[in-house]
Every structure is written in C-alpha cells, then in structure tokens.
file work28.txt (compact mmCIF, C-alpha atoms)
# COMPACT_ATOMS: atom_id res chain seq x y z
CA MET A 1151 0.00 0.00 0.00
CA LEU A 1152 1.24 3.50 -0.83
CA VAL A 1153 0.35 6.50 1.32
CA LYS A 1154 1.31 10.12 0.68
CA VAL A 1155 1.68 12.54 3.58
CA TYR A 1156 2.82 16.12 3.17
CA GLY A 1157 5.30 18.06 5.26
CA SER A 1158 7.54 21.02 4.58
CA ALA A 1159 11.19 22.04 4.53
CA VAL A 1160 12.08 25.55 5.67
CA PHE A 1161 15.06 27.42 4.27
CA GLY A 1162 15.31 30.87 5.83
CA VAL A 1163 11.85 32.41 5.45
CA GLU A 1164 10.78 30.18 2.55
CA ALA A 1165 9.06 26.81 2.82
CA THR A 1166 9.00 24.00 0.27
CA THR A 1167 6.42 21.24 0.39
CA ILE A 1168 7.85 17.76 0.92
CA THR A 1169 5.97 14.64 -0.14
CA VAL A 1170 6.49 11.73 2.24
CA GLU A 1171 5.63 8.53 0.36
CA VAL A 1172 5.26 5.46 2.56
CA HIS A 1173 5.12 2.07 0.86
CA MET A 1174 4.38 -1.19 2.69
CA ASP A 1175 5.43 -4.49 1.13
CA LYS A 1176 6.10 -8.11 2.01
CA GLY A 1177 9.29 -8.69 3.91
CA ILE A 1178 10.97 -6.89 6.78
CA GLY A 1179 13.01 -3.72 6.69
CA TYR A 1180 12.97 0.05 7.03
CA HIS A 1181 14.39 2.11 4.19
CA LEU A 1182 14.41 5.91 4.22
CA VAL A 1183 15.46 7.68 1.03
CA GLY A 1184 15.35 11.20 -0.40
CA LEU A 1185 18.37 12.96 1.14
CA PRO A 1186 17.40 12.85 4.84
CA ASP A 1187 19.92 14.10 7.40
CA ASN A 1188 20.95 12.10 10.49
CA ALA A 1189 18.10 13.44 12.65
CA ILE A 1190 15.59 12.10 10.13
CA LYS A 1191 17.43 8.79 9.79
CA GLU A 1192 17.20 8.42 13.59
CA SER A 1193 13.45 9.01 13.44
CA SER A 1194 12.75 5.28 13.13
CA TYR A 1195 13.78 4.83 16.78
CA ARG A 1196 11.64 7.73 18.03
CA ILE A 1197 8.71 6.58 15.91
CA ALA A 1198 8.93 2.94 17.03
CA ALA A 1199 8.97 3.94 20.71
CA ALA A 1200 6.18 6.52 20.30
CA LEU A 1201 3.99 4.02 18.46
CA LYS A 1202 4.54 1.31 21.08
CA ASN A 1203 3.94 3.70 23.97
CA ASN A 1204 0.60 4.73 22.44
CA GLY A 1205 -0.82 1.30 21.68
CA TYR A 1206 0.34 1.04 18.05
CA ARG A 1207 3.13 -0.99 16.52
CA LEU A 1208 5.82 -0.67 13.91
CA PRO A 1209 4.52 -3.20 11.38
CA GLY A 1210 6.60 -6.26 10.63
CA LYS A 1211 6.76 -5.40 6.95
CA LYS A 1212 9.18 -3.87 4.51
CA ILE A 1213 8.67 -0.11 4.87
CA THR A 1214 10.11 2.15 2.20
CA ILE A 1215 9.81 5.88 2.76
CA ASN A 1216 10.70 8.39 0.07
CA MET A 1217 10.98 12.08 0.86
CA ALA A 1218 10.49 14.00 -2.38
CA PRO A 1219 11.91 15.96 -4.03
CA ALA A 1220 14.88 13.64 -3.59
CA ASP A 1221 17.46 16.24 -4.59
CA LEU A 1222 16.50 18.65 -1.77
CA ARG A 1223 18.25 18.10 1.59
CA LYS A 1224 15.77 17.46 4.42
CA GLU A 1225 16.91 18.37 7.93
CA GLY A 1226 15.66 18.05 11.49
CA SER A 1227 13.35 15.94 13.56
CA ALA A 1228 10.11 17.73 12.60
CA TYR A 1229 9.40 14.99 10.05
CA ASP A 1230 8.73 12.41 12.80
CA LEU A 1231 4.97 13.00 12.80
CA PRO A 1232 4.38 12.79 9.03
CA LEU A 1233 6.53 9.66 8.85
CA ALA A 1234 4.62 8.08 11.76
CA MET A 1235 1.26 9.02 10.26
CA GLY A 1236 2.26 7.48 6.94
CA ILE A 1237 3.22 4.26 8.71
CA LEU A 1238 -0.02 4.17 10.71
CA VAL A 1239 -2.21 4.77 7.65
CA GLY A 1240 -0.15 2.47 5.42
CA SER A 1241 -0.42 -0.39 7.92
CA ASP A 1242 -4.18 0.17 8.41
CA GLN A 1243 -3.78 0.98 12.11
CA ILE A 1244 -5.71 4.21 11.59
CA LYS A 1245 -8.04 5.55 8.91
CA ALA A 1246 -7.26 8.99 7.47
CA PRO A 1247 -8.93 9.23 4.04
CA GLU A 1248 -8.23 12.96 3.67
CA ILE A 1249 -4.62 12.94 4.93
CA GLU A 1250 -3.35 14.28 1.59
CA GLN A 1251 -5.21 17.55 2.15
CA TYR A 1252 -3.08 18.52 5.16
CA ILE A 1253 0.48 19.48 6.00
CA ILE A 1254 1.71 17.53 9.03
CA MET A 1255 4.84 18.37 11.03
CA GLY A 1256 6.11 17.57 14.52
CA GLU A 1257 8.96 16.03 16.48
CA LEU A 1258 7.97 12.99 18.52
CA SER A 1259 9.20 12.24 22.02
CA LEU A 1260 9.49 8.58 22.96
CA ASP A 1261 6.20 8.80 24.86
CA GLY A 1262 4.45 10.16 21.75
CA SER A 1263 4.19 13.77 22.90
CA LEU A 1264 5.13 16.46 20.40
CA GLN A 1265 7.92 18.98 20.66
CA PRO A 1266 7.70 22.41 18.99
CA ILE A 1267 9.06 22.92 15.49
CA ARG A 1268 10.79 25.82 13.78
CA GLY A 1269 9.27 27.64 10.81
CA ALA A 1270 5.56 27.16 11.50
CA LEU A 1271 4.62 30.49 9.90
CA PRO A 1272 6.41 29.99 6.55
CA ILE A 1273 5.02 26.44 6.41
CA ALA A 1274 1.48 27.72 7.03
CA ILE A 1275 1.88 30.43 4.37
CA LYS A 1276 3.07 27.86 1.81
CA ALA A 1277 0.26 25.44 2.76
CA LYS A 1278 -2.32 28.17 2.17
CA GLU A 1279 -0.72 29.17 -1.17
CA GLU A 1280 -0.77 25.57 -2.37
CA GLY A 1281 -4.41 25.01 -1.39
CA TYR A 1282 -4.03 22.63 1.54
CA LYS A 1283 -7.05 22.40 3.81
CA GLY A 1284 -5.09 22.60 7.04
CA PHE A 1285 -1.94 22.13 9.06
CA PHE A 1286 -1.37 19.68 11.94
CA LEU A 1287 1.51 20.73 14.18
CA PRO A 1288 2.59 20.77 17.84
CA ILE A 1289 0.23 22.74 20.05
CA GLN A 1290 3.12 25.03 21.08
CA ASN A 1291 3.24 26.37 17.48
CA VAL A 1292 -0.48 27.04 16.94
CA LYS A 1293 -0.41 30.80 17.59
CA GLU A 1294 2.36 31.29 15.04
CA ALA A 1295 0.66 29.27 12.29
CA ALA A 1296 -2.83 30.62 13.02
CA ILE A 1297 -1.77 34.04 11.73
CA VAL A 1298 -2.51 32.68 8.25
CA VAL A 1299 -6.15 33.36 7.44
CA GLY A 1300 -8.08 30.66 5.59
CA LEU A 1301 -6.02 27.70 6.76
CA ASP A 1302 -7.32 25.34 9.44
CA VAL A 1303 -4.61 24.94 12.09
CA TYR A 1304 -4.75 21.99 14.49
CA GLY A 1305 -2.52 21.91 17.55
CA VAL A 1306 -1.60 18.38 18.57
CA GLU A 1307 -0.21 17.32 21.95
CA ASN A 1308 0.36 13.61 21.32
CA LEU A 1309 0.63 11.06 18.54
call {"tool": "encode", "arguments": {"input": "work28.txt", "output": "structure tokens"}}
result
Amino acid sequence: MLVKVYGSAVFGVEATTITVEVHMDKGIGYHLVGLPDNAIKESSYRIAAALKNNGYRLPGKKITINMAPADLRKEGSAYDLPLAMGILVGSDQIKAPEIEQYIIMGELSLDGSLQPIRGALPIAIKAKEEGYKGFFLPIQNVKEAAIVVGLDVYGVENL
C-alpha cells in the first residue's frame, strides 16, 4: 500500500512542500530515502517507541519511505509525525482518508508527545498558497501558524 503525507522544509523564510511517500510491502526492513539528514534517519527509533507507547506498533513489513523531491536536503526531527502518520495509515492501524489535504509536522518524544518545530509560519503560508485544507503541528506552534487566514490549524499534543 502506498500512502502520501505532506510536510515542509524551511530554508530561511521560505518553505517547500515535501511529499512523504510510505510504501508497505512483504518482507521486513525500514528504508528511508530522499536525502534525509541524520536526525531524520534516527526518526525510526523515536517513531517505534512513540507508536509502542501509544498502543500502536511498527509493522513487521518492509517499509520504504521516500521524501520527495529527492534532490532537496531534508533536515531536522520535525518529520517524525508525518513519517509516523504514513506508517499508521499504510499499515491500516488508523483511517485517514483525507490525509493528503493537510500538511503535518512535529517532532515525537518517545512517549508520543510532540515537541515544537521551527518555521511554523512559513510552512502555514506555503500550505495556504498551495491550497491545503489545514496544518497539523505541535500545540506550542499554533499561535504562530494561526496568523494565516483561511487555513485550518490543528494543535496536537500527542501522537
């Protein structure tokens, strides 16, 4: 099964939408491609613990995650939440039929709580420009993102 979740990369005051493609297949493995930095590569450990500590599981399947565009360097731990959501939807642990209409960003703690991210305002501006319905992000960033009129902003405390 292929699931697409959308996040964003921030460079200065500009944001670029990132497509997180999560593919589940037979076998076992976890492959992350698309020029992720070390913080993103380490996300599998944070995600696995956060899922387990919230009653979910890292599926025993071959998980391939592509972060597109592949030629753009992705940095930081704010991609934890979109990666985790892609895994949860792709493994049928949750239903999210409209997930592609939202930007999702957030760093996961091992208990599943979310840590604040940087660049919430430029991400919200870009999401509005590109016609996304809303933006899911850590509750600590809601005031910053809510400045953008016409974009639904959802503050999240936990996975």
call {"tool": "closest_residue", "arguments": {"input": "work28.txt", "among": "A:Gly1256, A:Gly1269, A:Pro1209, A:Pro1219", "to": "Gln1243 in chain A", "atoms": "all atoms listed in the file"}}
result
A:Pro1209
call {"tool": "residues_near_point", "arguments": {"input": "work28.txt", "point": "(2.0, 34.4, 14.7)", "cutoff": "12 Å", "atoms": "all atoms listed in the file", "output": "PyMOL selection string"}}
result
chain A and resi 1269-1275+1290-1299+1303
call {"tool": "residues_around", "arguments": {"input": "work28.txt", "residues": "range 1225-1233 of chain A", "least_positions_apart": "2", "cutoff": "7 Å", "atoms": "only C-alpha atoms", "output": "list in words"}}
result
Val1155, Tyr1156, Gly1157, Val1170, Pro1186, Asp1187, Ala1189, Ile1190, Ser1193, Ile1197, Arg1223, Met1235, Gly1236, Ile1237, Ile1254, Met1255, Gly1256, Glu1257, Leu1258 and Ile1267 of chain A
call {"tool": "atom_distance", "arguments": {"input": "work28.txt", "atom1": "CA of Ile1178 in chain A", "atom2": "CA of Thr1214 in chain A"}}
result
10.2 Å
call {"tool": "closest_residue", "arguments": {"input": "work28.txt", "among": "A:Asp1242, A:Asp1221, A:Glu1192, A:Glu1279", "to": "Met1174 in chain A", "atoms": "all atoms listed in the file"}}
result
A:Asp1242
call {"tool": "residues_around", "arguments": {"input": "work28.txt", "residues": "Glu1250 in chain A", "least_positions_apart": "2", "cutoff": "8 Å", "atoms": "only C-alpha atoms", "output": "MDAnalysis selection string"}}
result
chainID A and resid 1154:1156 1247:1248 1252:1253
call {"tool": "write_last_selection", "arguments": {"input": "work28.txt", "atoms": "C-alpha atoms", "output": "mmCIF file, in the frame of the given file"}}
result
data_model
loop_
_atom_site.group_PDB
_atom_site.id
_atom_site.type_symbol
_atom_site.label_atom_id
_atom_site.label_comp_id
_atom_site.auth_asym_id
_atom_site.auth_seq_id
_atom_site.Cartn_x
_atom_site.Cartn_y
_atom_site.Cartn_z
ATOM 1 C CA LYS A 1154 1.310 10.120 0.680
ATOM 2 C CA VAL A 1155 1.680 12.540 3.580
ATOM 3 C CA TYR A 1156 2.820 16.120 3.170
ATOM 4 C CA PRO A 1247 -8.930 9.230 4.040
ATOM 5 C CA GLU A 1248 -8.230 12.960 3.670
ATOM 6 C CA TYR A 1252 -3.080 18.520 5.160
ATOM 7 C CA ILE A 1253 0.480 19.480 6.000
#
call {"tool": "closest_residue", "arguments": {"input": "work28.txt", "among": "A:Leu1264, A:Leu1152, A:Ala1199, A:Ile1213", "to": "Gly1179 in chain A", "atoms": "all atoms listed in the file"}}
result
A:Ile1213
call {"tool": "closest_residue", "arguments": {"input": "work28.txt", "among": "A:Ile1289, A:Ile1168, A:Ala1277, A:Ile1215", "to": "Asp1302 in chain A", "atoms": "all atoms listed in the file"}}
result
A:Ala1277
call {"tool": "residues_near_point", "arguments": {"input": "work28.txt", "point": "(7.7, 11.0, 22.8)", "cutoff": "8 Å", "atoms": "all atoms listed in the file", "output": "MDAnalysis selection string"}}
result
chainID A and resid 1196 1199:1200 1258:1264 1308
call {"tool": "closest_residue", "arguments": {"input": "work28.txt", "among": "A:Thr1167, A:Asn1216, A:Gln1265, A:Asn1204", "to": "Leu1238 in chain A", "atoms": "all atoms listed in the file"}}
result
A:Asn1204
call {"tool": "residues_around", "arguments": {"input": "work28.txt", "residues": "Gly1281 in chain A", "least_positions_apart": "4", "cutoff": "9 Å", "atoms": "only C-alpha atoms", "output": "PyMOL selection string"}}
result
chain A and resi 1251+1276-1277+1301
call {"tool": "atom_distance", "arguments": {"input": "work28.txt", "atom1": "CA of Met1217 in chain A", "atom2": "CA of Thr1166 in chain A"}}
result
12.1 Å
call {"tool": "atom_distance", "arguments": {"input": "work28.txt", "atom1": "CA of Gly1184 in chain A", "atom2": "CA of Val1172 in chain A"}}
result
12.0 Å
call {"tool": "closest_residue", "arguments": {"input": "work28.txt", "among": "A:Pro1288, A:Leu1201, A:Leu1309, A:Gly1210", "to": "Gly1177 in chain A", "atoms": "all atoms listed in the file"}}
result
A:Gly1210
call {"tool": "decode", "arguments": {"input": "work28.txt", "residues": "range 1161-1285 of chain A", "atoms": "C-alpha atoms", "output": "mmCIF file, in the first residue's frame"}}
result
data_model
loop_
_atom_site.group_PDB
_atom_site.id
_atom_site.type_symbol
_atom_site.label_atom_id
_atom_site.label_comp_id
_atom_site.auth_asym_id
_atom_site.auth_seq_id
_atom_site.Cartn_x
_atom_site.Cartn_y
_atom_site.Cartn_z
ATOM 1 C CA PHE A 1161 15.059 27.422 4.270
ATOM 2 C CA GLY A 1162 15.314 30.872 5.828
ATOM 3 C CA VAL A 1163 11.850 32.406 5.447
ATOM 4 C CA GLU A 1164 10.783 30.175 2.546
ATOM 5 C CA ALA A 1165 9.058 26.815 2.819
ATOM 6 C CA THR A 1166 8.999 24.000 0.271
ATOM 7 C CA THR A 1167 6.423 21.240 0.388
ATOM 8 C CA ILE A 1168 7.850 17.761 0.917
ATOM 9 C CA THR A 1169 5.970 14.641 -0.136
ATOM 10 C CA VAL A 1170 6.491 11.726 2.236
ATOM 11 C CA GLU A 1171 5.631 8.532 0.361
ATOM 12 C CA VAL A 1172 5.263 5.457 2.563
ATOM 13 C CA HIS A 1173 5.121 2.068 0.863
ATOM 14 C CA MET A 1174 4.385 -1.186 2.690
ATOM 15 C CA ASP A 1175 5.427 -4.486 1.131
ATOM 16 C CA LYS A 1176 6.103 -8.108 2.008
ATOM 17 C CA GLY A 1177 9.291 -8.693 3.915
ATOM 18 C CA ILE A 1178 10.966 -6.894 6.784
ATOM 19 C CA GLY A 1179 13.006 -3.718 6.690
ATOM 20 C CA TYR A 1180 12.972 0.047 7.029
ATOM 21 C CA HIS A 1181 14.392 2.114 4.191
ATOM 22 C CA LEU A 1182 14.414 5.908 4.220
ATOM 23 C CA VAL A 1183 15.459 7.679 1.027
ATOM 24 C CA GLY A 1184 15.348 11.200 -0.396
ATOM 25 C CA LEU A 1185 18.371 12.958 1.140
ATOM 26 C CA PRO A 1186 17.402 12.847 4.838
ATOM 27 C CA ASP A 1187 19.920 14.098 7.399
ATOM 28 C CA ASN A 1188 20.954 12.104 10.488
ATOM 29 C CA ALA A 1189 18.098 13.444 12.647
ATOM 30 C CA ILE A 1190 15.589 12.100 10.127
ATOM 31 C CA LYS A 1191 17.434 8.794 9.788
ATOM 32 C CA GLU A 1192 17.201 8.420 13.587
ATOM 33 C CA SER A 1193 13.451 9.008 13.438
ATOM 34 C CA SER A 1194 12.750 5.283 13.134
ATOM 35 C CA TYR A 1195 13.783 4.829 16.776
ATOM 36 C CA ARG A 1196 11.642 7.729 18.030
ATOM 37 C CA ILE A 1197 8.706 6.585 15.909
ATOM 38 C CA ALA A 1198 8.933 2.942 17.029
ATOM 39 C CA ALA A 1199 8.970 3.943 20.713
ATOM 40 C CA ALA A 1200 6.181 6.521 20.296
ATOM 41 C CA LEU A 1201 3.986 4.016 18.455
ATOM 42 C CA LYS A 1202 4.535 1.306 21.080
ATOM 43 C CA ASN A 1203 3.939 3.703 23.971
ATOM 44 C CA ASN A 1204 0.602 4.726 22.442
ATOM 45 C CA GLY A 1205 -0.823 1.301 21.676
ATOM 46 C CA TYR A 1206 0.341 1.036 18.055
ATOM 47 C CA ARG A 1207 3.128 -0.993 16.517
ATOM 48 C CA LEU A 1208 5.820 -0.669 13.911
ATOM 49 C CA PRO A 1209 4.516 -3.195 11.385
ATOM 50 C CA GLY A 1210 6.597 -6.261 10.630
ATOM 51 C CA LYS A 1211 6.755 -5.401 6.951
ATOM 52 C CA LYS A 1212 9.180 -3.873 4.513
ATOM 53 C CA ILE A 1213 8.666 -0.113 4.867
ATOM 54 C CA THR A 1214 10.109 2.146 2.196
ATOM 55 C CA ILE A 1215 9.811 5.884 2.759
ATOM 56 C CA ASN A 1216 10.704 8.387 0.067
ATOM 57 C CA MET A 1217 10.981 12.080 0.860
ATOM 58 C CA ALA A 1218 10.488 13.995 -2.378
ATOM 59 C CA PRO A 1219 11.910 15.963 -4.034
ATOM 60 C CA ALA A 1220 14.876 13.641 -3.588
ATOM 61 C CA ASP A 1221 17.460 16.241 -4.589
ATOM 62 C CA LEU A 1222 16.500 18.649 -1.769
ATOM 63 C CA ARG A 1223 18.250 18.103 1.587
ATOM 64 C CA LYS A 1224 15.772 17.460 4.422
ATOM 65 C CA GLU A 1225 16.910 18.366 7.930
ATOM 66 C CA GLY A 1226 15.657 18.053 11.485
ATOM 67 C CA SER A 1227 13.347 15.943 13.564
ATOM 68 C CA ALA A 1228 10.108 17.733 12.602
ATOM 69 C CA TYR A 1229 9.401 14.989 10.049
ATOM 70 C CA ASP A 1230 8.726 12.410 12.796
ATOM 71 C CA LEU A 1231 4.972 12.998 12.798
ATOM 72 C CA PRO A 1232 4.375 12.794 9.028
ATOM 73 C CA LEU A 1233 6.530 9.658 8.852
ATOM 74 C CA ALA A 1234 4.617 8.077 11.760
ATOM 75 C CA MET A 1235 1.255 9.017 10.258
ATOM 76 C CA GLY A 1236 2.255 7.479 6.935
ATOM 77 C CA ILE A 1237 3.220 4.264 8.708
ATOM 78 C CA LEU A 1238 -0.018 4.166 10.714
ATOM 79 C CA VAL A 1239 -2.208 4.767 7.649
ATOM 80 C CA GLY A 1240 -0.152 2.474 5.421
ATOM 81 C CA SER A 1241 -0.421 -0.392 7.916
ATOM 82 C CA ASP A 1242 -4.184 0.167 8.409
ATOM 83 C CA GLN A 1243 -3.781 0.975 12.106
ATOM 84 C CA ILE A 1244 -5.708 4.212 11.594
ATOM 85 C CA LYS A 1245 -8.040 5.553 8.913
ATOM 86 C CA ALA A 1246 -7.261 8.986 7.471
ATOM 87 C CA PRO A 1247 -8.928 9.226 4.036
ATOM 88 C CA GLU A 1248 -8.228 12.957 3.675
ATOM 89 C CA ILE A 1249 -4.623 12.945 4.929
ATOM 90 C CA GLU A 1250 -3.345 14.280 1.587
ATOM 91 C CA GLN A 1251 -5.214 17.553 2.149
ATOM 92 C CA TYR A 1252 -3.077 18.518 5.158
ATOM 93 C CA ILE A 1253 0.477 19.475 5.996
ATOM 94 C CA ILE A 1254 1.708 17.526 9.034
ATOM 95 C CA MET A 1255 4.841 18.372 11.030
ATOM 96 C CA GLY A 1256 6.113 17.571 14.516
ATOM 97 C CA GLU A 1257 8.961 16.027 16.477
ATOM 98 C CA LEU A 1258 7.970 12.990 18.518
ATOM 99 C CA SER A 1259 9.203 12.243 22.016
ATOM 100 C CA LEU A 1260 9.489 8.578 22.961
ATOM 101 C CA ASP A 1261 6.197 8.802 24.859
ATOM 102 C CA GLY A 1262 4.446 10.164 21.755
ATOM 103 C CA SER A 1263 4.191 13.774 22.900
ATOM 104 C CA LEU A 1264 5.129 16.460 20.397
ATOM 105 C CA GLN A 1265 7.924 18.982 20.662
ATOM 106 C CA PRO A 1266 7.696 22.411 18.991
ATOM 107 C CA ILE A 1267 9.057 22.920 15.486
ATOM 108 C CA ARG A 1268 10.794 25.824 13.778
ATOM 109 C CA GLY A 1269 9.269 27.637 10.811
ATOM 110 C CA ALA A 1270 5.559 27.158 11.502
ATOM 111 C CA LEU A 1271 4.617 30.491 9.896
ATOM 112 C CA PRO A 1272 6.409 29.988 6.551
ATOM 113 C CA ILE A 1273 5.017 26.440 6.408
ATOM 114 C CA ALA A 1274 1.483 27.718 7.031
ATOM 115 C CA ILE A 1275 1.877 30.426 4.372
ATOM 116 C CA LYS A 1276 3.070 27.857 1.814
ATOM 117 C CA ALA A 1277 0.262 25.443 2.761
ATOM 118 C CA LYS A 1278 -2.324 28.166 2.168
ATOM 119 C CA GLU A 1279 -0.716 29.167 -1.165
ATOM 120 C CA GLU A 1280 -0.772 25.566 -2.370
ATOM 121 C CA GLY A 1281 -4.408 25.010 -1.386
ATOM 122 C CA TYR A 1282 -4.029 22.626 1.545
ATOM 123 C CA LYS A 1283 -7.052 22.402 3.812
ATOM 124 C CA GLY A 1284 -5.094 22.597 7.040
ATOM 125 C CA PHE A 1285 -1.941 22.130 9.063
#
